[in-house]
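**Q** Pasting a structure below so you can have a look.
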Amino acid sequence: MLKLKGLHKTFNPGTVNEVRALQGVDLTIEEGSFVVVLGMNGSGKSTLLNAVAGSFFVDEGRIELAGIDVTGWPEHRRAKLIGRVFQNPFSGTAPSMSIAENFALATHRGKPRGLGWALSPKLMGPLRDRIASLKMGLENRLDNAIGSLSGGQRQALTLLMASWLKPSLLLLDEHTAALDPKSAEQVIALTSEVIQRDRLTTLMVTHSMHQAVSLGDRIIMMNKGRIFHDFRGAEKRQFRPEDLVDRFEEIRRREQLDETAADLLRRTYV
Amino acid sequence: MTLLLGALTIGLILSLLAMGVFISFRIFEIPDITTDGSITLGASICAVLLIHHVNPFLATGAGAVGGAMAGATTGIIHTKFKINALLAGILVMTALYSVNLHVMGRSNIPLMQASTLNSHAEELGAKLLQAQTINVLGWTVASADAALLVLAAACAAIAGLVLYLFFRTNIGTAMRATGDNAQMVRALGANVDGYIIMGLALSNSLVALSGALLAQYQGFADAQMGIGMIVWGLASVIIGEALTGSRTLGLTIMGAIMGSVLFRLLVATALRWGLNPNDLKLITAFFVFAALVLPGFFARLNRKKAATA
């Protein structure tokens, strides 16, 4: 279970580049829930994911994961509880190392790493089986550098790596955005399968209305560093992509109104 | 013949330096100039202990430990104080110059009278072979020189093997991944800063070990002996990659050893043909520059050719 309380984060405070990325986010995600985060560019959705993962510390607020206050934990310590797939297929794997070596790293997520043999026979058996289940023919290429694979293959492997040890929370940051449509579909199918099989608590950021509607049991829409809409249960299930587009249109219109209203005030009083 | 033997021996001793530079430069992609200071540190610690009649094995080991501490210092300055890696190395290297003078108490310690690993090896060689000279493939070789060569080869082989095995353990694999993709290593719960500190400590302990062995081989430790050694190590690593490629870890480590030996042989040959020793560092630097730049240059040339064709 993930509990966020009053998260605030401002980048470059006091400079011209100041960005108020998170302006008070409260969110509770129940165990086994699959939450999709939507929002326009700059709405703070990726910042939210990075705040949870610990890429930076928040200015204010509290992050609780699996009953533990992790607000002050550095990223590598939180990784014990969190599995993560990035938008960039290059971020989730070590390109010049082999598929097997990458998995050897993943099987020790959050655990002490000793002088044991990385590619132990104990790892190789289950690894070959699991990778064969992807039906990408990669099980015979375990010694190949992962950098020689396509983006879709790398994302599929990163997903397996992130979920090899069952994480308390799975973070997916637009993990299909950099893929061609066919690979994206494959990775999404794998995502559903992995999440359902292990009943993983998941927070997924996406730009795709289609994914938002077809996946998950709850949709959160963000705007200007705040949670703006929160749909779940029957309401979420009835959603069609058009409904979501309407909601975005609504946000856009309201902002335009704000903009002109502000302008009007400025002209009148300044 | 003595010249060839000497060049081989020094090449093998400096292959430890090359392996150290391989770790910092190729695995962590840090041109770690601490190397210049830590090779001297290894030599000075070892030399001081030797003239105080400490067991040569202990003295050599102590030199390596000194190097590890120097490397860890650079790592801590770089990761914890967020100082550019190159600058962190320069700071530690500069500080080490004074440290080395303090360790030695003067700028040069001769080891002619001391009991060193080398004098042990020479005695052992003479005892085993029962002769002052031996015959290798028709050449007459002083048994002392042969024993030293075997000693250096054993050191290089053991260090290479240990390094190879280490980098295939869980901790070693994570260390290699740190240089490859630090973001991923963090996401998989490993402390990147810790690995960089550990890696630079490992790198500089090998470098210092090389310095300790070199001091015993040449019979003195000198405050100036480290100048330009990082470039020497880079040259060895680059030659090694040209020889064996860098596809697998084992090949790359072997390459670093072979590169070091070949480079030393080339230098010895050039000096024999009358190269001014003062020009040596200039030529080494130019060589490394060329080796770093030329592959990219040729790739561009080929692309242009392909574009016009």
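The chains in the structure tokens are called A, B, ... from first to last as shown; in each chain the residues are counted from 1, and the ligands are counted from 1 in the order shown.
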Mind listing as a ChimeraX atom specification which residues of chain B are within 10 Å of chain A, counting only C-alpha atoms?

**A** /B:165-174,176-192,247-249

**Q** If you count only C-alpha atoms, which residues fall within 12 Å of Ala234 (chain A), apart from same-chain ones fewer than 6 positions away, as an NGL selection string?

**A** :A and (217-219)

**Q** Using only C-alpha atoms, which protein or nucleic acid residues come within 6 Å of Gln23 (chain A)? Drop anything in the same chain fewer than 4 positions from it, and give the result as a list in words.

**A** His8, Gly225 and Arg226 of chain A

**Q** From the options B:Ile158, B:Ala62, B:Thr308, B:Asp145, which residue's atoms come nearest to Gly42 (chain B), counting only C-alpha atoms?

**A**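 Looking only at the distances to Gly42 (chain B), the closest residue turns out to be B:Ala62.
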
**Q** Just how far from CA of Gly32 (chain A) is CA of Lys5 (chain A), in Å to one decimal?

**A**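 The value is 19.7 Å.
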
**Q** Determine, for each residue of region 158-242 of chain B having at least one atom at most 7 Å from an atom of region 112-135 of chain B, the closest pair of atoms and their separation in Å to one decimal, counting only C-alpha atoms; order by chain and ascending number, as CSV.

**A**
residue,atom,partner,partner_atom,distance
B:Gln216,CA,B:Thr116,CA,6.2
B:Tyr217,CA,B:Asn118,CA,6.2
B:Gly219,CA,B:Met112,CA,5.6

**Q** So that I can check the surroundings of region 123-130 of chain A, please list as number ranges by chain every protein, DNA and RNA residue that reaches within 8 Å of it, counting only C-alpha atoms and ignoring chain neighbours fewer than 4 positions away.

**A** A: 100, 103-104, 119, 134, 139, 142
